[in-house]
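Data block for data_20.cif (mmCIF, C-alpha atoms):
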data_target
#
loop_
_atom_site.label_atom_id
_atom_site.label_comp_id
_atom_site.auth_asym_id
_atom_site.auth_seq_id
_atom_site.Cartn_x
_atom_site.Cartn_y
_atom_site.Cartn_z
CA MET A 10 20.01 16.11 7.95
CA THR A 11 22.88 18.50 8.54
CA GLN A 12 24.78 16.28 10.92
CA LEU A 13 27.64 14.32 9.44
CA ARG A 14 26.94 10.62 9.28
CA ARG A 15 29.75 8.10 8.93
CA VAL A 16 28.87 4.60 7.90
CA GLU A 17 31.34 1.73 7.72
CA LEU A 18 30.95 -1.42 5.61
CA ALA A 19 27.19 -1.26 5.10
CA PRO A 20 25.73 -4.10 3.02
CA ALA A 21 24.57 -2.64 -0.29
CA TRP A 22 23.76 -3.24 -3.95
CA LEU A 23 24.66 -0.84 -6.74
CA LEU A 24 21.47 0.00 -8.65
CA HIS A 25 22.75 2.53 -11.17
CA SER A 26 25.66 4.83 -11.84
CA TYR A 27 26.23 7.75 -14.14
CA PRO A 28 29.19 10.05 -14.91
CA TYR A 29 29.80 13.03 -12.69
CA ARG A 30 32.40 15.68 -13.53
CA GLU A 31 35.65 14.52 -15.11
CA THR A 32 36.47 11.26 -13.37
CA SER A 33 33.70 10.65 -10.86
CA LEU A 34 30.44 8.76 -10.75
CA ILE A 35 27.16 9.26 -8.99
CA VAL A 36 26.14 5.85 -7.71
CA GLU A 37 22.68 4.92 -6.52
CA MET A 38 23.06 2.34 -3.76
CA LEU A 39 20.39 0.22 -2.12
CA THR A 40 21.69 -0.23 1.40
CA ARG A 41 20.11 -2.60 3.89
CA ASP A 42 19.99 -0.16 6.79
CA TYR A 43 19.83 3.32 5.25
CA GLY A 44 17.59 2.75 2.27
CA ARG A 45 18.48 4.10 -1.15
CA VAL A 46 21.43 6.47 -0.94
CA GLY A 47 22.92 8.55 -3.77
CA MET A 48 26.69 8.80 -3.42
CA VAL A 49 29.52 10.52 -5.22
CA ALA A 50 32.30 8.07 -6.02
CA ARG A 51 35.31 10.30 -6.56
CA GLY A 52 37.72 9.14 -9.23
CA ALA A 53 35.65 6.03 -9.88
CA ARG A 54 35.80 6.37 -13.65
CA ALA A 55 39.58 6.48 -13.54
CA ARG A 56 39.52 3.26 -11.48
CA ARG A 57 37.32 1.58 -14.10
CA ARG A 58 40.34 1.55 -16.38
CA ARG A 59 41.90 -1.11 -14.24
CA GLY A 60 38.93 -3.01 -12.92
CA ASP A 61 36.56 -2.05 -10.19
CA PRO A 62 34.36 -3.98 -7.74
CA LEU A 63 31.73 -1.24 -8.11
CA GLN A 64 29.41 -3.24 -10.40
CA PRO A 65 25.70 -3.95 -10.33
CA PHE A 66 24.43 -7.38 -9.18
CA THR A 67 27.45 -7.84 -6.89
CA PRO A 68 26.94 -7.87 -3.11
CA LEU A 69 28.94 -4.93 -1.75
CA ARG A 70 30.10 -3.46 1.52
CA VAL A 71 30.24 0.31 1.28
CA SER A 72 31.65 2.96 3.60
CA PHE A 73 30.39 6.50 3.16
CA ARG A 74 30.10 9.91 4.74
CA GLN A 75 26.93 11.92 4.43
CA ARG A 76 25.89 15.44 5.18
CA GLY A 77 22.93 16.54 3.09
CA GLU A 78 21.35 14.53 0.32
CA LEU A 79 24.37 13.20 -1.57
CA ALA A 80 26.80 11.03 0.36
CA THR A 81 30.49 10.56 -0.46
CA LEU A 82 31.56 7.00 -1.08
CA ALA A 83 34.76 6.31 0.83
CA ALA A 84 35.29 2.65 -0.03
CA ALA A 85 33.46 -0.22 -1.69
CA GLU A 86 34.39 -3.87 -1.73
CA ALA A 87 32.64 -6.95 -3.04
CA SER A 88 31.44 -9.24 -0.27
CA GLY A 89 30.74 -12.15 -2.59
CA PRO A 90 30.78 -13.13 -6.24
CA GLY A 91 28.57 -11.05 -8.56
CA ARG A 92 25.93 -12.48 -10.88
CA ARG A 93 26.68 -12.21 -14.59
CA PHE A 94 23.38 -11.74 -16.34
CA THR A 95 22.93 -11.76 -20.10
CA GLY A 96 20.05 -11.56 -22.56
CA LYS A 97 16.57 -11.44 -21.09
CA THR A 98 17.84 -12.15 -17.57
CA PHE A 99 20.01 -9.03 -17.80
CA LEU A 100 17.02 -7.01 -18.98
CA ALA A 101 14.91 -8.41 -16.13
CA ALA A 102 17.59 -7.60 -13.55
CA THR A 103 17.93 -3.99 -14.75
CA TYR A 104 14.12 -3.73 -14.63
CA LEU A 105 14.22 -4.66 -10.92
CA ASN A 106 16.81 -1.91 -10.42
CA GLU A 107 14.64 0.65 -12.17
CA LEU A 108 11.59 -0.34 -10.12
CA ILE A 109 13.50 0.31 -6.89
CA LEU A 110 15.00 3.55 -8.25
CA ARG A 111 11.61 4.88 -9.19
CA LEU A 112 9.40 3.54 -6.41
CA LEU A 113 11.62 3.70 -3.32
CA ALA A 114 12.40 7.26 -2.20
CA ARG A 115 15.93 8.08 -1.07
CA GLU A 116 16.58 7.81 2.65
CA ASP A 117 13.67 5.52 3.35
CA PRO A 118 15.28 2.54 5.10
CA SER A 119 13.63 -0.68 4.01
CA PRO A 120 15.42 -3.88 4.99
CA ALA A 121 12.47 -5.72 3.43
CA VAL A 122 13.15 -4.25 -0.05
CA TYR A 123 16.84 -5.04 0.37
CA ARG A 124 16.02 -8.65 1.21
CA LEU A 125 13.47 -9.03 -1.62
CA TYR A 126 16.00 -7.68 -4.12
CA GLY A 127 18.75 -10.05 -2.96
CA GLU A 128 16.36 -13.02 -3.12
CA ALA A 129 15.16 -12.04 -6.60
CA LEU A 130 18.71 -11.67 -7.96
CA ALA A 131 19.64 -15.07 -6.55
CA ALA A 132 16.55 -16.67 -8.11
CA LEU A 133 16.81 -15.06 -11.58
CA GLY A 134 17.48 -17.69 -14.21
CA ASP A 135 16.86 -18.35 -17.88
CA GLU A 136 13.11 -17.83 -17.50
CA PRO A 137 12.93 -14.73 -15.31
CA ALA A 138 9.18 -13.96 -15.62
CA THR A 139 8.07 -15.81 -12.47
CA VAL A 140 10.80 -14.23 -10.35
CA VAL A 141 9.99 -10.77 -11.72
CA ARG A 142 6.24 -11.17 -10.99
CA ARG A 143 6.91 -12.33 -7.45
CA PHE A 144 9.28 -9.39 -6.91
CA GLU A 145 6.76 -6.87 -8.29
CA GLY A 146 3.97 -8.14 -6.05
CA ARG A 147 6.11 -8.29 -2.92
CA LEU A 148 7.78 -4.92 -3.63
CA ILE A 149 4.40 -3.21 -3.94
CA GLY A 150 3.48 -4.72 -0.56
CA ALA A 151 6.82 -3.89 1.09
CA LEU A 152 6.53 -0.26 0.00
CA GLY A 153 3.23 -0.06 1.84
CA PHE A 154 1.03 0.28 -1.23
CA ALA A 155 -2.09 -1.79 -0.87
CA LEU A 156 -2.55 -4.55 -3.41
CA PRO A 157 -5.89 -6.04 -2.42
CA LEU A 158 -6.51 -9.38 -4.12
CA THR A 159 -8.82 -11.16 -1.70
CA HIS A 160 -11.47 -8.56 -0.87
CA ASP A 161 -13.22 -5.90 -2.92
CA LEU A 162 -13.40 -2.21 -2.08
CA GLY A 163 -16.37 -2.75 0.26
CA GLY A 164 -14.52 -5.46 2.21
CA THR A 165 -16.50 -8.35 0.75
CA PRO A 166 -14.42 -11.49 0.10
CA LEU A 167 -14.02 -12.20 -3.61
CA GLU A 168 -16.14 -15.01 -5.06
CA SER A 169 -14.02 -17.39 -7.08
CA ASP A 170 -16.34 -17.66 -10.11
CA ARG A 171 -17.30 -14.02 -10.30
CA CYS A 172 -15.56 -11.49 -12.60
CA TYR A 173 -13.77 -8.41 -11.34
CA ARG A 174 -12.21 -5.38 -12.92
CA TYR A 175 -8.94 -4.38 -11.29
CA ASP A 176 -8.56 -0.72 -10.43
CA PRO A 177 -4.95 0.18 -9.53
CA ASP A 178 -6.14 2.56 -6.82
CA HIS A 179 -9.08 0.67 -5.37
CA GLY A 180 -8.44 -2.97 -6.12
CA PRO A 181 -11.01 -5.45 -7.42
CA MET A 182 -14.47 -4.18 -8.29
CA PRO A 183 -17.26 -6.49 -9.37
CA ALA A 184 -17.72 -6.42 -13.14
CA PHE A 185 -21.16 -6.91 -14.56
CA ASP A 186 -20.16 -7.57 -18.14
CA LYS A 187 -18.06 -10.76 -17.62
CA GLN A 188 -14.94 -8.73 -18.41
CA GLY A 189 -11.79 -8.61 -16.29
CA TYR A 190 -10.44 -11.33 -14.01
CA GLN A 191 -12.16 -14.21 -12.30
CA GLY A 192 -12.05 -14.20 -8.51
CA SER A 193 -10.18 -17.50 -8.59
CA MET A 194 -7.53 -15.88 -10.81
CA LEU A 195 -6.99 -13.04 -8.32
CA ALA A 196 -6.80 -15.58 -5.50
CA ALA A 197 -4.13 -17.47 -7.45
CA ILE A 198 -2.14 -14.24 -7.90
CA ALA A 199 -2.44 -13.52 -4.16
CA ALA A 200 -1.07 -17.01 -3.48
CA GLU A 201 1.73 -16.50 -6.09
CA ARG A 202 0.68 -19.62 -8.04
CA PHE A 203 2.63 -18.43 -11.07
CA GLU A 204 3.26 -21.92 -12.54
CA ASP A 205 -0.01 -21.43 -14.43
CA PRO A 206 0.81 -19.28 -17.50
CA ALA A 207 -2.64 -17.61 -17.36
CA VAL A 208 -2.06 -16.54 -13.74
CA LEU A 209 1.43 -15.29 -14.63
CA ALA A 210 0.06 -13.22 -17.52
CA ALA A 211 -2.78 -11.75 -15.43
CA ALA A 212 -0.37 -10.89 -12.61
CA GLY A 213 1.86 -9.14 -15.17
CA GLN A 214 -1.05 -6.99 -16.35
CA ILE A 215 -2.27 -6.09 -12.88
CA PHE A 216 1.17 -5.35 -11.43
CA ARG A 217 2.14 -3.26 -14.45
CA GLU A 218 -1.01 -1.17 -14.09
CA VAL A 219 -0.47 -0.68 -10.38
CA ILE A 220 3.20 0.27 -10.90
CA SER A 221 2.34 2.61 -13.75
CA TRP A 222 -0.31 4.23 -11.55
CA HIS A 223 2.26 4.83 -8.80
CA LEU A 224 4.68 6.28 -11.35
CA GLY A 225 2.03 8.70 -12.55
CA GLY A 226 2.12 7.08 -15.99
CA ARG A 227 5.83 7.77 -16.60
CA ARG A 228 7.43 5.07 -18.75
CA LEU A 229 10.12 2.73 -17.54
CA LYS A 230 13.21 2.91 -19.74
CA THR A 231 14.17 -0.70 -19.15
CA LEU A 232 10.80 -1.86 -20.51
CA ASP A 233 11.21 0.24 -23.66
CA VAL A 234 14.70 -1.18 -24.23
CA ALA A 235 13.48 -4.72 -23.56
CA ARG A 236 10.71 -4.27 -26.12
CA SER A 237 13.13 -3.17 -28.85
CA TYR A 238 15.60 -5.91 -27.83
CA PHE A 239 13.02 -8.64 -28.32
CA GLN A 240 11.75 -7.16 -31.57
CA ARG A 241 15.24 -7.63 -32.92
CA THR A 242 15.99 -11.04 -31.52
CA ASP A 243 12.65 -12.87 -31.81
CA MET B 129 32.79 37.40 -16.41
CA ALA B 130 34.25 40.84 -16.37
CA ASN B 131 32.27 43.31 -18.40
CA VAL B 132 35.51 44.91 -19.58
CA PHE B 133 35.94 42.01 -22.05
CA PRO B 134 34.87 42.64 -25.64
CA PRO B 135 32.09 40.36 -26.95
CA SER B 136 34.35 38.10 -29.02
CA LEU B 137 36.56 37.40 -26.00
CA LYS B 138 33.52 36.66 -23.87
CA SER B 139 32.18 34.28 -26.46
CA LEU B 140 35.59 32.52 -26.75
CA VAL B 141 35.73 31.99 -22.99
CA GLY B 142 32.14 30.79 -23.07
CA ALA B 143 32.73 28.41 -25.97
CA LEU B 144 35.83 26.86 -24.40
CA GLN B 145 33.64 25.71 -21.54
CA ALA B 146 32.08 23.18 -23.89
CA LEU B 147 35.19 21.07 -23.25
CA PRO B 148 34.77 18.44 -20.52
CA GLY B 149 36.21 19.50 -17.18
CA VAL B 150 36.76 23.11 -18.25
CA GLY B 151 35.05 25.74 -16.13
CA PRO B 152 35.06 29.56 -16.37
CA LYS B 153 38.50 29.96 -14.75
CA SER B 154 40.36 27.47 -16.94
CA ALA B 155 38.51 28.70 -20.02
CA GLN B 156 39.66 32.25 -19.33
CA ARG B 157 43.25 31.11 -18.74
CA ALA B 158 43.24 29.12 -22.00
CA ALA B 159 41.79 32.06 -23.92
CA PHE B 160 44.45 34.47 -22.61
CA HIS B 161 47.21 32.00 -23.31
CA LEU B 162 46.12 31.62 -26.91
CA LEU B 163 45.63 35.35 -27.44
CA GLU B 164 48.81 36.54 -25.77
CA ARG B 165 51.33 33.81 -26.38
CA ASP B 166 50.11 31.59 -29.19
CA ARG B 167 48.13 33.43 -31.86
CA GLU B 168 49.23 30.82 -34.39
CA GLY B 169 47.84 28.09 -32.17
CA LEU B 170 44.59 30.00 -31.94
CA ALA B 171 44.27 30.13 -35.72
CA ARG B 172 45.09 26.41 -36.00
CA LEU B 173 42.51 25.60 -33.35
CA ALA B 174 39.88 27.65 -35.19
CA ASP B 175 40.61 25.87 -38.48
CA ALA B 176 40.66 22.43 -36.86
CA LEU B 177 37.36 23.00 -35.08
CA THR B 178 35.66 24.22 -38.24
CA ALA B 179 37.05 21.34 -40.29
CA ALA B 180 36.03 18.79 -37.66
CA ASP B 181 32.52 20.17 -37.52
CA GLN B 182 32.12 20.26 -41.28
CA LYS B 183 33.87 17.07 -42.35
CA LEU B 184 33.58 14.45 -39.63
CA GLU B 185 30.76 11.95 -39.95
CA HIS B 186 30.18 8.40 -38.80
CA CYS B 187 31.26 5.75 -41.30
CA LYS B 188 28.18 4.08 -42.76
CA HIS B 189 29.75 0.63 -42.36
CA CYS B 190 31.43 0.74 -38.95
CA ARG B 191 30.28 3.96 -37.24
CA MET B 192 33.88 5.10 -36.76
CA PHE B 193 34.52 8.81 -37.29
CA CYS B 194 35.53 9.53 -40.87
CA GLU B 195 35.50 12.16 -43.60
CA GLY B 196 32.91 11.35 -46.24
CA ASP B 197 30.65 8.38 -45.71
CA GLU B 198 33.23 5.57 -45.55
CA CYS B 199 36.30 5.35 -43.31
CA ARG B 200 39.82 4.33 -44.31
CA LEU B 201 39.66 1.15 -42.27
CA CYS B 202 36.60 0.00 -44.18
CA THR B 203 37.94 0.83 -47.65
CA ASP B 204 41.57 -0.30 -47.20
CA PRO B 205 41.96 -3.28 -49.59
CA ASN B 206 44.84 -4.65 -47.48
CA ARG B 207 42.62 -5.26 -44.49
CA ASP B 208 40.84 -8.57 -44.08
CA GLY B 209 37.10 -8.03 -44.54
CA ARG B 210 36.30 -11.48 -43.17
CA ALA B 211 37.20 -10.54 -39.58
CA LEU B 212 35.19 -8.03 -37.56
CA VAL B 213 36.16 -6.67 -34.15
CA VAL B 214 33.24 -5.07 -32.26
CA VAL B 215 34.21 -2.35 -29.77
CA GLU B 216 32.37 0.22 -27.64
CA THR B 217 34.11 3.47 -28.65
CA PRO B 218 36.34 4.98 -31.35
CA ALA B 219 39.08 5.18 -28.68
CA ASP B 220 38.93 1.38 -28.42
CA VAL B 221 39.70 1.12 -32.17
CA ALA B 222 42.80 3.26 -31.65
CA ALA B 223 43.83 1.10 -28.67
CA MET B 224 43.40 -2.13 -30.67
CA GLU B 225 45.31 -0.71 -33.64
CA SER B 226 48.30 0.36 -31.60
CA ALA B 227 48.49 -2.67 -29.29
CA THR B 228 47.70 -5.62 -31.56
CA ASP B 229 48.61 -6.88 -35.01
CA TYR B 230 44.93 -7.21 -35.96
CA ARG B 231 44.36 -6.07 -39.54
CA GLY B 232 40.70 -6.81 -40.10
CA ARG B 233 37.73 -4.48 -39.87
CA TYR B 234 35.87 -2.90 -36.96
CA PHE B 235 32.41 -2.04 -35.78
CA VAL B 236 31.97 0.78 -33.24
CA LEU B 237 28.83 0.45 -31.10
CA GLY B 238 29.15 3.91 -29.58
CA GLY B 239 28.33 2.63 -26.09
CA ARG B 240 27.04 -0.54 -24.49
CA LEU B 241 23.69 -1.95 -23.49
CA SER B 242 22.43 0.15 -20.61
CA PRO B 243 18.66 -0.21 -20.27
CA LEU B 244 18.50 2.16 -17.29
CA ASP B 245 19.87 4.90 -19.55
CA GLY B 246 17.54 3.92 -22.37
CA ILE B 247 20.38 2.45 -24.45
CA GLY B 248 19.37 -0.69 -26.30
CA PRO B 249 20.26 -2.39 -29.58
CA ASP B 250 18.74 0.42 -31.70
CA GLU B 251 20.98 3.03 -30.06
CA LEU B 252 24.04 0.82 -30.66
CA GLY B 253 23.55 0.58 -34.42
CA ALA B 254 21.94 -2.87 -34.45
CA GLY B 255 20.71 -2.41 -38.02
CA GLN B 256 24.15 -1.55 -39.38
CA LEU B 257 25.74 -4.38 -37.41
CA GLU B 258 23.24 -6.86 -38.87
CA SER B 259 24.00 -5.76 -42.41
CA ARG B 260 27.73 -6.11 -41.70
CA LEU B 261 27.15 -9.64 -40.41
CA ALA B 262 25.16 -10.48 -43.53
CA GLY B 263 27.93 -9.17 -45.78
CA GLY B 264 30.70 -11.78 -45.84
CA VAL B 265 32.03 -11.62 -42.28
CA GLU B 266 33.49 -14.99 -41.23
CA GLU B 267 34.58 -14.26 -37.67
CA VAL B 268 33.34 -11.78 -35.06
CA ILE B 269 35.65 -10.85 -32.19
CA VAL B 270 33.80 -9.11 -29.37
CA ALA B 271 36.01 -6.62 -27.56
CA THR B 272 33.59 -4.93 -25.14
CA GLY B 273 34.58 -4.06 -21.58
CA ALA B 274 34.71 -6.57 -18.73
CA THR B 275 31.81 -4.88 -16.96
CA VAL B 276 28.29 -6.18 -16.35
CA GLU B 277 26.99 -4.10 -19.28
CA GLY B 278 29.97 -5.05 -21.45
CA GLU B 279 29.19 -8.74 -20.85
CA ALA B 280 25.50 -8.31 -21.65
CA THR B 281 26.50 -6.45 -24.83
CA ALA B 282 28.86 -9.26 -25.81
CA HIS B 283 26.06 -11.79 -25.36
CA TRP B 284 23.71 -9.76 -27.53
CA ILE B 285 26.33 -9.50 -30.31
CA ALA B 286 26.92 -13.24 -30.05
CA GLU B 287 23.17 -13.82 -30.54
CA CYS B 288 23.14 -11.58 -33.62
CA ALA B 289 26.17 -13.32 -35.09
CA ALA B 290 24.66 -16.73 -34.40
CA ARG B 291 21.56 -15.77 -36.40
CA HIS B 292 23.83 -15.04 -39.34
CA GLY B 293 25.83 -18.24 -38.78
CA VAL B 294 29.02 -16.33 -38.01
CA PRO B 295 31.37 -17.80 -35.35
CA VAL B 296 32.08 -15.49 -32.40
CA THR B 297 34.99 -15.16 -30.02
CA ARG B 298 35.39 -12.89 -27.02
CA ILE B 299 38.72 -11.30 -26.02
CA ALA B 300 40.25 -13.04 -22.98
CA TYR B 301 40.39 -11.64 -19.48
CA GLY B 302 42.97 -12.22 -16.89
CA VAL B 303 45.98 -11.32 -14.90
CA PRO B 304 47.42 -8.02 -16.17
CA VAL B 305 50.92 -8.09 -17.63
CA GLY B 306 53.34 -7.42 -14.78
CA GLY B 307 50.68 -8.36 -12.22
CA GLU B 308 51.11 -10.75 -9.34
CA LEU B 309 48.33 -13.16 -8.39
CA GLU B 310 48.26 -12.07 -4.76
CA TYR B 311 47.11 -8.60 -5.77
CA VAL B 312 44.64 -9.54 -8.50
CA ASP B 313 41.02 -9.13 -7.42
CA GLY B 314 38.98 -12.27 -6.84
CA SER B 315 36.60 -12.09 -9.77
CA THR B 316 39.39 -11.37 -12.27
CA LEU B 317 41.36 -14.30 -10.92
CA ALA B 318 38.29 -16.55 -11.13
CA ARG B 319 37.78 -15.57 -14.80
CA ALA B 320 41.46 -15.98 -15.56
CA PHE B 321 41.34 -19.46 -14.01
CA SER B 322 38.22 -20.60 -15.86
CA GLY B 323 39.65 -19.25 -19.12
CA ARG B 324 43.04 -20.95 -18.71
CA ARG B 325 44.84 -22.22 -21.76
CA ALA B 326 47.66 -24.52 -22.81
CA VAL B 327 51.15 -23.17 -22.16
CA GLU B 328 52.65 -22.01 -25.44
CA GLU B 329 55.74 -23.90 -26.47
#

Whole structure given in structure tokens:
Amino acid sequence: MTQLRRVELAPAWLLHSYPYRETSLIVEMLTRDYGRVGMVARGARARRRRGDPLQPFTPLRVSFRQRGELATLAAAEASGPGRRFTGKTFLAATYLNELILRLLAREDPSPAVYRLYGEALAALGDEPATVVRRFEGRLIGALGFALPLTHDLGGTPLESDRCYRYDPDHGPMPAFDKQGYQGSMLAAIAAERFEDPAVLAAAGQIFREVISWHLGGRRLKTLDVARSYFQRTD
Amino acid sequence: MANVFPPSLKSLVGALQALPGVGPKSAQRAAFHLLERDREGLARLADALTAADQKLEHCKHCRMFCEGDECRLCTDPNRDGRALVVVETPADVAAMESATDYRGRYFVLGGRLSPLDGIGPDELGAGQLESRLAGGVEEVIVATGATVEGEATAHWIAECAARHGVPVTRIAYGVPVGGELEYVDGSTLARAFSGRRAVEE
């Protein structure tokens, strides 16, 4: 991409930002139409001194120019009120950001991921676990990674009272030692019946394994911070 | 860098680049200025850098920079040990000291909650903060920034204080002094409105 691209007022969310040179920031944006775009926000740290719409969890409209990998942010404005998350909801929301940062490559337009993220932020409340599980499952699907929960590797439909091991690469495989998950449990995860705490917990385990497999085993910083946060507060 | 420079000049120019925003060109200009026009300044700078490196530590109570293991703010008997202002950086302490008549004690987090950067309670001195809260503090005033992370940090501090039964307040937000409503951004105005207060007589 050597041609100059000019984009005006694209819907976007700020996923992360970090200092760049004296007064600037690098911002990682999730745009609806251009995918994840890294942008230089010139002078953005100076603007922070007097308040800045460039905040996470706030719907934004961003204008940018791009030639090469890093774009230059020309303008950003809030297009609606931002969510103010605290405590475990804040930790959950930053976890969603890290999932997108790590799993969605730059310049891979995915309106579906954009929509899922917006829906998840809107739904996050005091008990974020259900929303996070639903987001994980749907994100894995939207990114085109298979998450088979209804058929085993050979294409045989799962039997509800049989036990299956879950392999992050291959999906369910019949288990002969009564270990793993019941077929009915996997069916419940596929149907997102997360009201049942057992289904929610099993979905958490399976999704985490699948995500970790796609990350090549690298750890997620937000999970490490969340762990130490809860050790201190519980 | 020109090879005509002697080693000590090269290393000075190199070392000056440790300063934020200083590249090879500005480092060279600064080095020549000091050497040619301000030898006294050069000597003072050398002494100050050595002293700073050798003497400055973080205060064991509040994490502010200090010489020795306790800072002047924490040992000053004229300051009120029952009030504790929690800020993000040492610069925030200086700002509070010069702008307000607050004469209590401080706690410097050294950042704010930022899980994506791996910064959680442990990195912000949670253990030291807890022991401060357990040690006779009667009011905590949270003075973190009005950013998403600043808010999340404030909430976490409020939770800690609540566990120790210490009442918490948060500094107010609102219309800047000399500001007109028309030009204030929407979210600031919304916060200023929801945090409105009785007109002082």

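Between chain B and the candidates A:Arg74, A:Arg228, A:Arg171, A:Arg202, the tightest atom-to-atom separation, counting only C-alpha atoms, involves A:Arg228.
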
**Request:** For CA of Phe99 (chain A) and CA of Glu287 (chain B), quote the distance in Å rounded to one decimal.
**Result:** 14.0 Å

**Item:** Counting all atoms listed in the file, the option among A:Asp61, A:Asp42, A:Asp178, A:Glu218 closest to chain B
**Value:**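 Using all atoms listed in the file, chain B sits closest to A:Asp61.
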
**Asked** If we count all atoms listed in the file, which residues of chain B reach to within 12 Å of chain A? Please list them as a ChimeraX atom specification.
**Response** /B:147-151,241-255,257-258,273-292,301-305,307,312-319

**Request:** Using CA of Pro137 (chain A) and CA of Leu39 (chain A) as the two end points, give the distance in Å to one decimal.
**Result:** 21.3 Å

**Item:** Non-local contacts of Pro166 (chain A) (12 Å; all atoms listed in the file; under 2 positions in same chain excluded) as a list in words
**Value:** Pro157, Leu158, Thr159, His160, Asp161, Leu162, Gly163, Gly164, Glu168, Ser169, Arg171, Tyr173, Pro181, Met182, Pro183, Gly192, Ser193, Leu195 and Ala196 of chain A

**Prompt:** What is the distance between CA of Glu201 (chain A) and CA of Lys187 (chain A), in Å to one decimal?
**Reply:** 23.6 Å

**Message:** Using only C-alpha atoms for the distances, tell me which of B:Ser139, B:Val294, B:Ala180, B:Leu170 is nearest to Leu261 (chain B).
**Reply:** B:Val294

**Residue nearest Ala300 (chain B) - candidates B:Ala320, B:Val221, B:Ala262, B:Leu162, atoms counted: only C-alpha atoms** = B:Ala320

**Message:** On this structure, the PyMOL selection byres ((chain A and resi 79-81) around 9) would catch which residues? List them as a list in words, sorted by chain and number.
**Reply:** Arg14, Ile35, Val46, Gly47, Met48, Val49, Ala50, Arg51, Ser72, Phe73, Arg74, Gln75, Arg76, Gly77, Glu78, Leu82 and Ala83 of chain A

Do you know which residues the PyMOL selection byres ((chain A and resi 152) around 9) returns on this file, as a PDB file with C-alpha atoms, keeping the file's coordinate frame?
ATOM      1  CA  LEU A 112       9.400   3.540  -6.410  1.00  0.00           C
ATOM      2  CA  LEU A 113      11.620   3.700  -3.320  1.00  0.00           C
ATOM      3  CA  SER A 119      13.630  -0.680   4.010  1.00  0.00           C
ATOM      4  CA  ALA A 121      12.470  -5.720   3.430  1.00  0.00           C
ATOM      5  CA  VAL A 122      13.150  -4.250  -0.050  1.00  0.00           C
ATOM      6  CA  ARG A 147       6.110  -8.290  -2.920  1.00  0.00           C
ATOM      7  CA  LEU A 148       7.780  -4.920  -3.630  1.00  0.00           C
ATOM      8  CA  ILE A 149       4.400  -3.210  -3.940  1.00  0.00           C
ATOM      9  CA  GLY A 150       3.480  -4.720  -0.560  1.00  0.00           C
ATOM     10  CA  ALA A 151       6.820  -3.890   1.090  1.00  0.00           C
ATOM     11  CA  GLY A 153       3.230  -0.060   1.840  1.00  0.00           C
ATOM     12  CA  PHE A 154       1.030   0.280  -1.230  1.00  0.00           C
ATOM     13  CA  ALA A 155      -2.090  -1.790  -0.870  1.00  0.00           C
TER      14      ALA A 155
END

**Request:** Identify all residues satisfying the PyMOL selection byres ((chain B and resi 207-219) around 6) in the given file; provide them as number ranges by chain.
**Result:** B: 192, 204-206, 220-222, 231-239, 265-272

Mind listing as a compact mmCIF listing (two decimals) with C-alpha atoms, in the frame of the given file all residues within 10 Å of (40.7, 31.1, -27.0), counting all atoms listed in the file?
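See part15.txt below for the written result:
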# COMPACT_ATOMS: atom_id res chain seq x y z
CA SER B 136 34.35 38.10 -29.02
CA LEU B 137 36.56 37.40 -26.00
CA LYS B 138 33.52 36.66 -23.87
CA SER B 139 32.18 34.28 -26.46
CA LEU B 140 35.59 32.52 -26.75
CA VAL B 141 35.73 31.99 -22.99
CA GLY B 142 32.14 30.79 -23.07
CA ALA B 143 32.73 28.41 -25.97
CA LEU B 144 35.83 26.86 -24.40
CA ALA B 155 38.51 28.70 -20.02
CA GLN B 156 39.66 32.25 -19.33
CA ARG B 157 43.25 31.11 -18.74
CA ALA B 158 43.24 29.12 -22.00
CA ALA B 159 41.79 32.06 -23.92
CA PHE B 160 44.45 34.47 -22.61
CA HIS B 161 47.21 32.00 -23.31
CA LEU B 162 46.12 31.62 -26.91
CA LEU B 163 45.63 35.35 -27.44
CA GLU B 164 48.81 36.54 -25.77
CA ASP B 166 50.11 31.59 -29.19
CA ARG B 167 48.13 33.43 -31.86
CA GLY B 169 47.84 28.09 -32.17
CA LEU B 170 44.59 30.00 -31.94
CA ALA B 171 44.27 30.13 -35.72
CA LEU B 173 42.51 25.60 -33.35
CA ALA B 174 39.88 27.65 -35.19

**Request:** Skip Lys188 (chain B) itself and residues of its chain fewer than 2 positions away, then list as a list in words all residues within 10 Å of it, counting only C-alpha atoms.
**Result:**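 Contacts, in chain order: Glu185, His186, Cys190, Arg191, Met192, Phe193, Cys194, Gly196, Asp197, Glu198, Cys199, Cys202 and Gln256 of chain B.
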
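With distances restricted to all atoms listed in the file, B:Glu195 is the closest residue to Ala179 (chain B) from B:Ala227, B:Arg240, B:Glu195, B:Ser259.
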
As a PDB file with C-alpha atoms, in the frame of the given file, please: the residues near region 123-127 of chain A (cut-off 7 Å, all atoms listed in the file, same-chain neighbours under 2 positions excluded).
ATOM      1  CA  LEU A  39      20.390   0.220  -2.120  1.00  0.00           C
ATOM      2  CA  THR A  40      21.690  -0.230   1.400  1.00  0.00           C
ATOM      3  CA  ARG A  41      20.110  -2.600   3.890  1.00  0.00           C
ATOM      4  CA  SER A 119      13.630  -0.680   4.010  1.00  0.00           C
ATOM      5  CA  PRO A 120      15.420  -3.880   4.990  1.00  0.00           C
ATOM      6  CA  ALA A 121      12.470  -5.720   3.430  1.00  0.00           C
ATOM      7  CA  ALA A 129      15.160 -12.040  -6.600  1.00  0.00           C
ATOM      8  CA  LEU A 130      18.710 -11.670  -7.960  1.00  0.00           C
ATOM      9  CA  ALA A 131      19.640 -15.070  -6.550  1.00  0.00           C
ATOM     10  CA  PHE A 144       9.280  -9.390  -6.910  1.00  0.00           C
TER      11      PHE A 144
END
